[in-house]
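Just protein09.cif here, mmCIF, C-alpha atoms and all ligand atoms:
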```
data_structure
#
loop_
_atom_site.label_atom_id
_atom_site.label_comp_id
_atom_site.auth_asym_id
_atom_site.auth_seq_id
_atom_site.Cartn_x
_atom_site.Cartn_y
_atom_site.Cartn_z
CA MET A 1 -24.17 -47.67 28.99
CA ALA A 2 -22.75 -44.15 28.85
CA ALA A 3 -20.01 -43.68 26.27
CA ALA A 4 -16.56 -43.13 27.73
CA ILE A 5 -15.57 -39.46 27.63
CA ALA A 6 -12.08 -39.00 26.24
CA ASP A 7 -9.77 -36.71 28.20
CA PRO A 8 -9.17 -33.46 26.33
CA PRO A 9 -5.73 -33.41 24.70
CA THR A 10 -3.16 -31.58 26.78
CA LEU A 11 0.34 -30.18 26.44
CA ASP A 12 3.03 -29.25 28.92
CA ALA A 13 3.87 -25.62 28.10
CA ASP A 14 6.53 -25.42 30.82
CA ARG A 15 8.36 -28.31 29.23
CA LEU A 16 7.91 -27.01 25.68
CA ARG A 17 9.41 -23.63 26.60
CA ALA A 18 12.75 -25.34 26.99
CA ASP A 19 12.70 -25.89 23.19
CA PHE A 20 12.70 -22.13 22.56
CA PRO A 21 16.12 -20.46 23.01
CA ILE A 22 14.53 -16.99 23.16
CA PHE A 23 13.22 -17.74 26.65
CA GLN A 24 16.76 -18.08 27.99
CA GLN A 25 17.21 -14.34 27.68
CA ARG A 26 16.14 -11.58 30.04
CA PHE A 27 14.60 -8.34 28.88
CA HIS A 28 14.96 -5.35 31.21
CA GLY A 29 16.37 -7.88 33.65
CA LYS A 30 13.17 -9.96 33.60
CA PRO A 31 12.23 -13.27 32.00
CA LEU A 32 10.38 -12.75 28.74
CA ALA A 33 6.59 -13.01 28.89
CA TYR A 34 6.00 -13.14 25.13
CA LEU A 35 2.33 -12.38 24.64
CA ASP A 36 2.59 -11.38 20.98
CA SER A 37 2.49 -14.69 19.12
CA ALA A 38 -0.26 -13.43 16.81
CA VAL A 39 2.28 -11.08 15.25
CA SER A 40 4.82 -13.90 14.91
CA ALA A 41 5.62 -17.08 16.80
CA GLN A 42 8.94 -17.88 18.45
CA LYS A 43 11.10 -20.67 16.96
CA PRO A 44 11.98 -23.95 18.64
CA ARG A 45 15.46 -25.41 18.39
CA GLN A 46 14.06 -28.30 16.29
CA VAL A 47 13.14 -25.87 13.49
CA LEU A 48 16.39 -23.90 13.72
CA ASP A 49 18.40 -27.14 13.66
CA ALA A 50 16.46 -28.60 10.74
CA GLN A 51 17.05 -25.50 8.64
CA ARG A 52 20.73 -25.42 9.48
CA GLU A 53 21.11 -29.14 8.76
CA PHE A 54 19.40 -28.65 5.39
CA TYR A 55 21.76 -25.83 4.39
CA GLU A 56 24.78 -27.79 5.60
CA THR A 57 23.96 -31.09 3.89
CA SER A 58 21.31 -30.78 1.20
CA TYR A 59 21.10 -27.28 -0.22
CA THR A 60 21.02 -26.16 -3.81
CA ASN A 61 18.28 -24.88 -6.10
CA VAL A 62 15.33 -27.20 -6.76
CA HIS A 63 13.74 -28.75 -9.86
CA ARG A 64 16.81 -27.90 -11.97
CA GLY A 65 19.91 -30.03 -11.46
CA VAL A 66 20.25 -33.73 -12.32
CA TYR A 67 23.04 -34.33 -9.80
CA LEU A 68 22.51 -36.07 -6.48
CA LEU A 69 22.60 -32.92 -4.35
CA ALA A 70 19.95 -31.26 -6.51
CA GLU A 71 17.74 -34.32 -6.26
CA ARG A 72 18.15 -34.32 -2.49
CA ALA A 73 17.26 -30.61 -2.22
CA THR A 74 14.20 -31.12 -4.42
CA GLU A 75 13.12 -34.09 -2.34
CA ARG A 76 13.35 -32.09 0.88
CA PHE A 77 11.48 -29.15 -0.66
CA GLU A 78 8.73 -31.36 -2.05
CA GLY A 79 8.66 -33.25 1.26
CA ALA A 80 7.79 -29.97 2.97
CA ARG A 81 4.93 -29.50 0.51
CA GLU A 82 3.57 -32.91 1.48
CA LYS A 83 3.74 -31.90 5.18
CA VAL A 84 1.70 -28.79 4.40
CA ARG A 85 -0.80 -30.90 2.47
CA ALA A 86 -1.20 -33.26 5.42
CA LEU A 87 -1.50 -30.36 7.91
CA ILE A 88 -4.64 -29.06 6.19
CA ASP A 89 -5.90 -32.36 4.73
CA ALA A 90 -5.70 -31.16 1.14
CA ALA A 91 -6.50 -33.73 -1.54
CA SER A 92 -3.21 -33.30 -3.39
CA THR A 93 0.14 -31.47 -3.25
CA ARG A 94 -0.87 -29.98 -6.62
CA GLU A 95 -3.14 -27.71 -4.58
CA ILE A 96 -0.33 -26.43 -2.31
CA VAL A 97 1.38 -23.31 -3.66
CA PHE A 98 4.38 -21.92 -1.78
CA THR A 99 4.27 -18.15 -1.62
CA ARG A 100 6.27 -15.56 0.27
CA SER A 101 3.55 -15.10 2.91
CA ALA A 102 -0.18 -15.20 3.62
CA THR A 103 -0.31 -11.68 2.21
CA GLU A 104 1.16 -12.81 -1.10
CA ALA A 105 -1.16 -15.83 -1.20
CA LEU A 106 -4.23 -13.60 -0.81
CA ASN A 107 -2.92 -11.15 -3.43
CA LEU A 108 -2.35 -14.09 -5.75
CA VAL A 109 -6.04 -15.01 -5.60
CA ALA A 110 -7.22 -11.41 -5.80
CA TYR A 111 -5.12 -10.70 -8.90
CA ALA A 112 -5.08 -14.04 -10.69
CA TRP A 113 -8.71 -14.94 -10.06
CA GLY A 114 -10.18 -11.49 -9.54
CA LEU A 115 -8.91 -9.68 -12.62
CA ASP A 116 -10.33 -12.34 -14.93
CA ASN A 117 -13.60 -13.04 -13.14
CA LEU A 118 -14.91 -9.73 -11.82
CA GLY A 119 -16.62 -6.86 -13.56
CA PRO A 120 -19.35 -4.23 -13.28
CA GLY A 121 -22.44 -5.57 -11.53
CA ASP A 122 -20.42 -8.02 -9.42
CA VAL A 123 -20.08 -7.79 -5.65
CA VAL A 124 -16.92 -8.57 -3.70
CA VAL A 125 -17.63 -9.31 -0.06
CA ALA A 126 -15.05 -9.12 2.72
CA THR A 127 -15.65 -8.56 6.43
CA GLU A 128 -15.06 -5.65 8.76
CA LEU A 129 -12.89 -8.02 10.78
CA GLU A 130 -10.32 -8.58 8.05
CA HIS A 131 -6.63 -8.00 8.33
CA HIS A 132 -5.67 -5.48 5.64
CA SER A 133 -4.11 -8.32 3.65
CA ASN A 134 -7.55 -9.86 3.00
CA PHE A 135 -9.29 -6.50 2.70
CA VAL A 136 -7.16 -4.14 0.63
CA PRO A 137 -6.45 -6.59 -2.25
CA TRP A 138 -10.20 -7.20 -2.67
CA GLN A 139 -11.05 -3.53 -2.32
CA GLN A 140 -8.44 -2.64 -4.96
CA ILE A 141 -9.29 -5.40 -7.42
CA ALA A 142 -12.98 -4.51 -7.09
CA GLU A 143 -12.10 -0.91 -7.92
CA ARG A 144 -10.02 -1.95 -10.94
CA THR A 145 -12.70 -4.25 -12.30
CA ARG A 146 -15.51 -1.84 -11.38
CA ALA A 147 -17.12 -4.42 -9.15
CA ARG A 148 -18.77 -3.31 -5.90
CA PHE A 149 -16.88 -3.91 -2.64
CA HIS A 150 -19.07 -4.66 0.37
CA PRO A 151 -17.82 -5.61 3.85
CA ILE A 152 -19.99 -7.66 6.21
CA PRO A 153 -20.46 -5.55 9.37
CA VAL A 154 -19.65 -6.77 12.87
CA ASN A 155 -21.69 -6.27 16.03
CA GLY A 156 -20.49 -4.75 19.29
CA ARG A 157 -18.69 -7.96 20.22
CA GLY A 158 -16.78 -8.11 16.98
CA GLU A 159 -18.91 -10.92 15.58
CA LEU A 160 -20.10 -10.97 11.98
CA GLN A 161 -23.66 -9.82 11.41
CA LEU A 162 -24.82 -12.55 9.07
CA ASP A 163 -28.29 -11.02 8.92
CA ALA A 164 -26.74 -8.38 6.64
CA LEU A 165 -26.10 -11.00 3.94
CA ASP A 166 -29.53 -10.75 2.29
CA ALA A 167 -29.12 -7.01 1.75
CA ILE A 168 -25.61 -7.56 0.38
CA ALA A 169 -26.88 -10.15 -2.09
CA LYS A 170 -29.30 -7.52 -3.45
CA GLN A 171 -26.36 -5.27 -4.42
CA GLY A 172 -25.48 -7.38 -7.45
CA SER A 173 -23.99 -10.72 -8.35
CA VAL A 174 -21.83 -11.88 -5.42
CA LYS A 175 -18.64 -13.38 -6.84
CA VAL A 176 -16.19 -13.50 -3.90
CA VAL A 177 -16.58 -13.86 -0.16
CA ALA A 178 -13.38 -13.30 1.83
CA THR A 179 -13.09 -13.88 5.55
CA ASN A 180 -10.60 -14.92 8.16
CA LEU A 181 -11.19 -18.04 10.20
CA VAL A 182 -9.82 -16.36 13.32
CA SER A 183 -9.59 -12.59 13.70
CA ASN A 184 -6.08 -11.40 14.54
CA ALA A 185 -7.45 -8.28 16.24
CA LEU A 186 -10.13 -9.81 18.47
CA GLY A 187 -9.68 -13.58 18.42
CA THR A 188 -13.21 -14.07 17.06
CA ILE A 189 -13.73 -17.50 15.51
CA ASN A 190 -15.73 -16.93 12.36
CA PRO A 191 -18.42 -19.20 10.89
CA VAL A 192 -16.52 -20.05 7.70
CA GLY A 193 -18.72 -23.08 6.98
CA ALA A 194 -21.93 -21.02 7.03
CA LEU A 195 -20.36 -18.24 4.98
CA ALA A 196 -19.01 -20.73 2.45
CA ALA A 197 -22.47 -22.27 2.06
CA TRP A 198 -23.93 -18.81 1.46
CA ALA A 199 -21.11 -17.89 -0.94
CA HIS A 200 -21.64 -21.05 -2.98
CA ALA A 201 -25.41 -20.51 -3.05
CA GLN A 202 -24.64 -17.12 -4.68
CA GLY A 203 -22.24 -18.74 -7.16
CA ALA A 204 -19.27 -17.08 -5.42
CA ILE A 205 -15.89 -18.39 -4.36
CA MET A 206 -14.94 -18.45 -0.69
CA VAL A 207 -11.48 -17.22 0.29
CA CYS A 208 -10.33 -18.00 3.80
CA ASP A 209 -7.47 -16.26 5.56
CA ALA A 210 -6.20 -18.86 8.03
CA ALA A 211 -3.11 -16.92 9.18
CA GLN A 212 -4.35 -17.01 12.79
CA ALA A 213 -6.01 -20.41 12.53
CA ALA A 214 -3.68 -22.88 10.79
CA PRO A 215 -0.98 -22.49 13.49
CA HIS A 216 -3.47 -23.10 16.31
CA ARG A 217 -6.15 -25.62 15.34
CA ARG A 218 -6.77 -28.57 13.08
CA ILE A 219 -7.95 -27.54 9.63
CA ASP A 220 -9.44 -29.85 7.07
CA VAL A 221 -9.87 -27.90 3.85
CA GLN A 222 -12.05 -30.62 2.40
CA LYS A 223 -14.57 -30.08 5.19
CA LEU A 224 -14.15 -26.35 5.84
CA GLY A 225 -16.04 -25.40 2.68
CA CYS A 226 -13.73 -22.70 1.36
CA ASP A 227 -12.11 -22.66 -2.09
CA PHE A 228 -8.85 -20.95 -1.17
CA LEU A 229 -6.96 -20.81 2.12
CA ALA A 230 -3.87 -18.81 3.03
CA PHE A 231 -1.38 -18.81 5.90
CA SER A 232 2.24 -17.99 6.79
CA ALA A 233 4.98 -20.19 8.26
CA HIS A 234 6.31 -17.57 10.66
CA LYS A 235 3.16 -17.70 12.77
CA LEU A 236 3.46 -21.48 13.19
CA CYS A 237 6.97 -21.59 14.65
CA GLY A 238 8.52 -21.65 11.17
CA PRO A 239 10.72 -19.12 9.38
CA THR A 240 9.70 -15.85 7.75
CA GLY A 241 9.62 -15.62 3.98
CA VAL A 242 7.32 -18.54 3.17
CA GLY A 243 3.57 -18.86 3.10
CA VAL A 244 1.00 -21.14 1.58
CA LEU A 245 -1.93 -20.82 -0.75
CA TRP A 246 -4.19 -23.83 -0.90
CA GLY A 247 -6.73 -23.75 -3.71
CA ARG A 248 -9.10 -26.24 -5.28
CA ALA A 249 -7.29 -27.76 -8.24
CA GLU A 250 -10.13 -27.05 -10.67
CA LEU A 251 -10.00 -23.33 -9.82
CA LEU A 252 -6.20 -23.11 -9.86
CA GLU A 253 -6.19 -24.87 -13.25
CA ARG A 254 -8.44 -22.20 -14.72
CA MET A 255 -6.48 -19.25 -13.31
CA ALA A 256 -3.80 -17.30 -15.15
CA PRO A 257 -0.37 -17.12 -13.46
CA PHE A 258 0.26 -14.37 -10.93
CA ASN A 259 4.00 -13.90 -11.58
CA PHE A 260 5.87 -14.67 -14.78
CA GLY A 261 9.45 -15.96 -15.03
CA GLY A 262 11.44 -19.15 -14.65
CA GLU A 263 9.95 -22.44 -13.43
CA MET A 264 6.32 -21.48 -14.09
CA ILE A 265 6.53 -22.10 -17.85
CA ARG A 266 6.14 -25.22 -19.97
CA LYS A 267 7.40 -23.79 -23.26
CA VAL A 268 8.52 -20.33 -24.26
CA THR A 269 8.83 -19.14 -27.84
CA VAL A 270 8.92 -15.65 -29.25
CA ALA A 271 5.32 -16.07 -30.27
CA LYS A 272 3.84 -17.70 -27.18
CA THR A 273 4.39 -19.09 -23.68
CA THR A 274 2.54 -21.97 -22.08
CA TRP A 275 2.34 -22.71 -18.37
CA ASN A 276 3.77 -25.40 -16.14
CA GLU A 277 1.48 -27.77 -14.27
CA LEU A 278 0.14 -27.14 -10.77
CA PRO A 279 1.44 -25.94 -8.40
CA TYR A 280 4.52 -24.72 -10.31
CA LYS A 281 2.47 -22.45 -12.56
CA PHE A 282 2.22 -20.17 -9.50
CA GLU A 283 5.82 -20.49 -8.30
CA ALA A 284 7.85 -18.26 -10.61
CA GLY A 285 11.56 -18.00 -9.89
CA THR A 286 13.57 -19.64 -7.13
CA PRO A 287 11.10 -20.56 -4.39
CA PRO A 288 11.74 -20.12 -0.63
CA ILE A 289 13.58 -23.46 -0.39
CA GLY A 290 15.27 -23.40 3.01
CA GLU A 291 12.23 -21.61 4.42
CA ALA A 292 9.88 -24.32 3.14
CA VAL A 293 12.09 -26.98 4.73
CA GLY A 294 11.96 -25.00 7.99
CA MET A 295 8.20 -24.81 7.67
CA GLY A 296 8.08 -28.59 7.25
CA ALA A 297 10.09 -28.98 10.46
CA ALA A 298 7.69 -26.61 12.24
CA ILE A 299 4.73 -28.68 11.06
CA ASP A 300 6.44 -31.82 12.40
CA TYR A 301 6.97 -30.04 15.71
CA LEU A 302 3.32 -28.91 15.99
CA SER A 303 1.99 -32.27 14.83
CA GLU A 304 3.95 -34.08 17.49
CA ILE A 305 2.39 -31.87 20.17
CA GLY A 306 -1.02 -32.22 18.50
CA MET A 307 -3.12 -29.43 17.02
CA GLU A 308 -6.06 -30.30 19.29
CA ALA A 309 -3.84 -29.95 22.38
CA ILE A 310 -2.57 -26.59 21.14
CA GLU A 311 -6.10 -25.32 20.51
CA GLN A 312 -7.28 -26.56 23.90
CA HIS A 313 -4.31 -24.96 25.70
CA GLU A 314 -4.88 -21.58 24.09
CA HIS A 315 -8.59 -21.71 24.71
CA ALA A 316 -7.94 -22.27 28.43
CA LEU A 317 -5.45 -19.38 28.46
CA ALA A 318 -7.95 -17.05 26.76
CA ALA A 319 -10.63 -17.95 29.31
CA TYR A 320 -8.13 -17.36 32.13
CA ALA A 321 -7.04 -14.02 30.65
CA LEU A 322 -10.65 -12.82 30.34
CA GLU A 323 -11.25 -13.76 33.96
CA ARG A 324 -8.10 -12.05 35.23
CA LEU A 325 -8.50 -8.90 33.11
CA ALA A 326 -12.01 -8.45 34.51
CA GLU A 327 -10.36 -7.90 37.90
CA VAL A 328 -8.55 -4.77 36.75
CA PRO A 329 -10.70 -1.64 37.08
CA GLY A 330 -10.74 0.43 33.92
CA VAL A 331 -9.81 -2.43 31.58
CA HIS A 332 -12.30 -3.00 28.80
CA VAL A 333 -11.98 -6.16 26.72
CA PHE A 334 -13.08 -6.24 23.06
CA GLY A 335 -14.44 -9.29 21.31
CA PRO A 336 -16.60 -12.32 21.97
CA PRO A 337 -16.89 -14.51 25.07
CA ALA A 338 -14.32 -17.25 25.67
CA GLU A 339 -16.32 -20.00 23.95
CA ARG A 340 -16.18 -18.20 20.59
CA ARG A 341 -12.65 -16.90 20.92
CA ALA A 342 -9.20 -18.25 20.08
CA GLY A 343 -6.06 -17.34 22.07
CA ILE A 344 -6.19 -13.60 21.40
CA VAL A 345 -7.44 -10.91 23.80
CA SER A 346 -7.69 -7.23 22.82
CA PHE A 347 -8.36 -4.59 25.43
CA GLU A 348 -7.96 -0.97 26.36
CA VAL A 349 -7.09 0.68 29.65
CA ALA A 350 -9.40 3.63 30.09
CA GLY A 351 -7.63 6.94 29.77
CA VAL A 352 -4.24 5.44 28.84
CA HIS A 353 -2.89 5.28 25.32
CA PRO A 354 -2.22 1.67 24.21
CA HIS A 355 1.40 2.54 23.40
CA ASP A 356 1.94 3.78 26.96
CA VAL A 357 0.39 0.58 28.30
CA ALA A 358 2.70 -1.57 26.15
CA GLN A 359 5.77 0.47 27.10
CA ILE A 360 5.15 0.15 30.83
CA LEU A 361 4.55 -3.59 30.43
CA ASP A 362 7.77 -3.88 28.45
CA ARG A 363 9.72 -2.60 31.47
CA GLU A 364 8.25 -5.61 33.31
CA GLY A 365 9.43 -8.00 30.59
CA VAL A 366 5.88 -8.41 29.23
CA ALA A 367 5.65 -8.09 25.42
CA ILE A 368 2.21 -7.22 24.08
CA ARG A 369 1.05 -5.42 20.97
CA ALA A 370 -0.31 -1.91 20.76
CA GLY A 371 -1.78 -0.66 17.52
CA HIS A 372 -4.50 -1.11 14.95
CA HIS A 373 -3.35 -4.67 14.16
CA CYS A 374 -3.62 -3.98 10.41
CA CYS A 375 -7.40 -3.73 10.93
CA GLN A 376 -8.21 -0.05 10.52
CA PRO A 377 -11.80 -0.60 9.31
CA LEU A 378 -12.44 -2.67 12.45
CA MET A 379 -10.83 -0.05 14.68
CA ALA A 380 -13.07 2.59 13.09
CA ARG A 381 -16.07 0.37 13.78
CA LEU A 382 -15.02 -0.08 17.41
CA GLY A 383 -14.46 3.66 17.69
CA VAL A 384 -10.82 3.41 18.73
CA ALA A 385 -7.54 4.22 17.02
CA ALA A 386 -5.75 1.26 18.57
CA THR A 387 -6.02 -1.44 21.22
CA ASN A 388 -3.65 -3.52 23.28
CA ARG A 389 -3.52 -7.19 22.35
CA ALA A 390 -2.20 -10.19 24.22
CA SER A 391 -1.93 -13.39 22.19
CA PHE A 392 -0.95 -16.88 23.21
CA TYR A 393 0.69 -19.99 21.83
CA LEU A 394 1.74 -23.45 22.88
CA TYR A 395 4.60 -22.05 25.02
CA THR A 396 2.44 -19.52 26.90
CA ILE A 397 1.96 -20.20 30.61
CA PRO A 398 -0.70 -18.77 32.95
CA GLU A 399 2.02 -17.05 35.02
CA GLU A 400 2.64 -14.78 32.02
CA ILE A 401 -0.99 -13.68 32.13
CA ASP A 402 -0.56 -13.03 35.86
CA ARG A 403 2.43 -10.84 35.00
CA LEU A 404 0.32 -9.01 32.40
CA VAL A 405 -2.37 -8.31 35.01
CA LYS A 406 0.21 -7.20 37.58
CA GLY A 407 1.73 -4.90 34.96
CA LEU A 408 -1.69 -3.40 34.23
CA HIS A 409 -2.02 -2.51 37.91
CA THR A 410 1.32 -0.70 37.57
CA VAL A 411 -0.06 1.11 34.51
CA LYS A 412 -3.06 2.20 36.56
CA LYS A 413 -0.84 3.41 39.38
CA THR A 414 1.44 5.27 36.96
CA PHE A 415 -1.44 7.11 35.35
CA GLY A 416 -3.30 7.52 38.66
CA SER A 417 -6.61 9.31 38.67
CA GLY A 418 -6.05 10.47 35.08
CA ALA A 419 -7.40 7.08 34.02
CA SER A 420 -11.17 7.31 33.71
CA PRO A 421 -13.48 4.31 34.34
CA ALA A 422 -13.83 1.83 31.51
CA ARG A 423 -16.74 2.49 29.25
CA ARG A 424 -19.42 -0.12 29.29
CA PRO A 425 -21.81 1.30 26.73
CA SER A 426 -25.09 -0.45 26.15
CA ASP A 427 -24.23 -1.05 22.48
CA GLY A 428 -21.63 -3.58 23.59
CA GLY A 429 -18.59 -1.47 23.00
CA ILE A 430 -18.99 0.20 19.63
CA ARG A 431 -18.48 3.94 19.56
CA ARG A 432 -20.24 5.62 16.74
C1 LIG B 1 -5.40 -12.63 10.09
C2 LIG B 1 -4.13 -12.30 9.37
N1 LIG B 1 -4.12 -12.37 8.04
C3 LIG B 1 -3.02 -12.12 7.32
C4 LIG B 1 -1.86 -11.74 7.94
C5 LIG B 1 -0.67 -11.44 7.10
O1 LIG B 1 0.34 -12.36 7.36
P1 LIG B 1 1.79 -12.11 6.73
O2 LIG B 1 2.24 -10.78 7.25
O3 LIG B 1 2.59 -13.23 7.25
O4 LIG B 1 1.64 -12.13 5.28
C6 LIG B 1 -1.82 -11.63 9.31
C7 LIG B 1 -0.60 -11.17 10.00
O5 LIG B 1 -0.65 -10.69 11.11
C8 LIG B 1 -2.98 -11.93 10.06
O6 LIG B 1 -3.00 -11.85 11.38
#
```

Translate the structure of the given file into structure tokens.
Amino acid sequence: MAAAIADPPTLDADRLRADFPIFQQRFHGKPLAYLDSAVSAQKPRQVLDAQREFYETSYTNVHRGVYLLAERATERFEGAREKVRALIDAASTREIVFTRSATEALNLVAYAWGLDNLGPGDVVVATELEHHSNFVPWQQIAERTRARFHPIPVNGRGELQLDALDAIAKQGSVKVVATNLVSNALGTINPVGALAAWAHAQGAIMVCDAAQAAPHRRIDVQKLGCDFLAFSAHKLCGPTGVGVLWGRAELLERMAPFNFGGEMIRKVTVAKTTWNELPYKFEAGTPPIGEAVGMGAAIDYLSEIGMEAIEQHEHALAAYALERLAEVPGVHVFGPPAERRAGIVSFEVAGVHPHDVAQILDREGVAIRAGHHCCQPLMARLGVAATNRASFYLYTIPEEIDRLVKGLHTVKKTFGSGASPARRPSDGGIRR
């Protein structure tokens, strides 16, 4: 008998939009089509309320006072840590470090692990698809330690060329492999499992930037294969100012602290200082308390909707966007086909500067990004200075993509015959 096929998980984006106060406003007299969630996600009332309630009823500093209010604040803060642990299936809250952002989490690993473990003859591998925050720290720490820095190239569709790995391994002793799980510039879903297996075969650690993945899909760090994983709350409907570093306890144990100060110490004397236990060794000073509580509320919100439903929704939107954008003459889309892409679509309109495209769309109430997306090495590889990017989330509806496409027709009309046909070079889009 054939096994029953489960219905794919779904969500009702129209209904969810009602949770987000931002959508009650008009911009240039039009409803907001917010197609820039990759830069930061909008906030639902549930998160805003939870943060306000925390400040009104339970706020003081954590891990310090012995009075009831201090215990309550600490409980809420540590409760948020447990929610983060559950979100990514980490083995223990000892492995969850609160940072200021994904950027700080990645710098933490680069400095605290890199400075003590890299040297001449070692190779630090990142990818050409990296956001600067998982590229520049490794490039700089490699330079300081006189290790070699070697990015994995991408092909014309913005997919990693894994056949370059053998040549990279011949450059020296590979010690770090750093990649994102989902590219913020192109939406490419990267083969972290395969890269982690290769990294470990070289004796290297695997660092995964999940800033564009953790808000959009289920992540199980015990299965993913990486050793460190970083993301930010503000991209998952939470507040700014808090991020997460997950790391394997045995690696975190062996690392020196990143910042020194209060809270991260066990004992301080004039002669010597010893370190607090995990994760506090990496949380010097007052942590982002209210922000962590807000992040916990955001995780509750996403979990109730279901990460699978969110992923599925965005996947359908990306496929729809690719289909609709193909109808607009002169629009060239970067990146992989829908099946290997998350809810991010980068494109250019031939002959029109991306900033002009975004400005005309803005007049229609459509918010998209124009720029290099903090991925200048990738832009250089693609042969462009910038692209336009539309990115989706749980509150995105297909009508917003229709408005994007309509706006692009207006762009074409505005720039008239000055816009030349889209290039469709045989190399798949890379200009050399
Ligand atoms: C893939 C990726 N990594 C890292 C970051 C940095 O995140 P944050 O600015 O929150 O530190 C971003 C932000 O856009 C991103 O898209």

- Task: Quick one: everything within 10 Å of Ala73 (chain A), counting only C-alpha atoms, minus sequence neighbours fewer than 3 positions away in the same chain. Send it as JSON, numbers by chain.
- Result: {"A": [54, 55, 57, 58, 59, 60, 61, 62, 63, 65, 68, 69, 70, 76, 77, 78, 79, 289, 290, 293]}

Assuming 3 Å of padding per side, give the centre and edge lengths of the axis-aligned box around every listed atom of ligand LIG 1 (chain B), in Å to one decimal and as lines of an AutoDock Vina configuration file.
```
center_x = -1.4
center_y = -12.0
center_z = 8.3
size_x = 14.0
size_y = 8.5
size_z = 12.1
```

Near ligand LIG 1 (chain B), 7 Å: chain A residue rows, closest pairs, all atoms listed in the file, as JSON lines:
```
{"residue": "A:Ala38", "atom": "CA", "partner": "B:LIG1", "partner_atom": "O6", "distance": 6.3}
{"residue": "A:Val39", "atom": "CA", "partner": "B:LIG1", "partner_atom": "O5", "distance": 5.1}
{"residue": "A:Ser101", "atom": "CA", "partner": "B:LIG1", "partner_atom": "O4", "distance": 4.3}
{"residue": "A:Ala102", "atom": "CA", "partner": "B:LIG1", "partner_atom": "O4", "distance": 3.9}
{"residue": "A:Thr103", "atom": "CA", "partner": "B:LIG1", "partner_atom": "O4", "distance": 3.7}
{"residue": "A:Glu104", "atom": "CA", "partner": "B:LIG1", "partner_atom": "O4", "distance": 6.4}
{"residue": "A:Glu130", "atom": "CA", "partner": "B:LIG1", "partner_atom": "C1", "distance": 6.7}
{"residue": "A:His131", "atom": "CA", "partner": "B:LIG1", "partner_atom": "N1", "distance": 5.0}
{"residue": "A:Ser133", "atom": "CA", "partner": "B:LIG1", "partner_atom": "C3", "distance": 5.4}
{"residue": "A:Asn134", "atom": "CA", "partner": "B:LIG1", "partner_atom": "N1", "distance": 6.6}
{"residue": "A:Asn180", "atom": "CA", "partner": "B:LIG1", "partner_atom": "C1", "distance": 6.0}
{"residue": "A:Val182", "atom": "CA", "partner": "B:LIG1", "partner_atom": "C1", "distance": 6.6}
{"residue": "A:Ser183", "atom": "CA", "partner": "B:LIG1", "partner_atom": "C1", "distance": 5.5}
{"residue": "A:Asn184", "atom": "CA", "partner": "B:LIG1", "partner_atom": "O6", "distance": 4.4}
{"residue": "A:Asp209", "atom": "CA", "partner": "B:LIG1", "partner_atom": "N1", "distance": 5.7}
{"residue": "A:Ala210", "atom": "CA", "partner": "B:LIG1", "partner_atom": "C1", "distance": 6.6}
{"residue": "A:Ala211", "atom": "CA", "partner": "B:LIG1", "partner_atom": "C2", "distance": 4.7}
{"residue": "A:Gln212", "atom": "CA", "partner": "B:LIG1", "partner_atom": "C1", "distance": 5.3}
{"residue": "A:Phe231", "atom": "CA", "partner": "B:LIG1", "partner_atom": "O1", "distance": 6.8}
{"residue": "A:Ser232", "atom": "CA", "partner": "B:LIG1", "partner_atom": "O3", "distance": 4.8}
{"residue": "A:His234", "atom": "CA", "partner": "B:LIG1", "partner_atom": "O3", "distance": 6.7}
```

Open item on the list: So that I can check the surroundings of Ile88 (chain A), please list as a VMD selection string every protein, DNA and RNA residue that reaches within 7 Å of it, counting only C-alpha atoms and ignoring chain neighbours fewer than 3 positions away.
Closed with: chain A and resid 84 to 85 219 to 221

Separating CA of Ser173 (chain A) from CA of Gly121 (chain A), to the nearest tenth of an Å, is a gap of 6.2 Å

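Each of A:Arg341, A:Arg72, A:Lys281, A:His409 was checked against Glu253 (chain A) using only C-alpha atoms; the smallest atom-to-atom distance is that of A:Lys281.
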
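Counting from CA of Ala204 (chain A), the distance to CA of Ile168 (chain A) is 12.8 Å.
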
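Taking all atoms listed in the file into account, Tyr395 (chain A) lies nearest to A:Glu314 out of the set A:Glu291, A:Glu128, A:Glu314, A:Glu364.
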
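Atom to atom, CA of Ile299 (chain A) and CA of Val97 (chain A) stand 16.0 Å apart.
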
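Between Leu48 (chain A) and the residues A:Ile22, A:Met264, A:Val174, A:Ala164, the shortest atom-to-atom distance, using all atoms listed in the file, involves A:Ile22.
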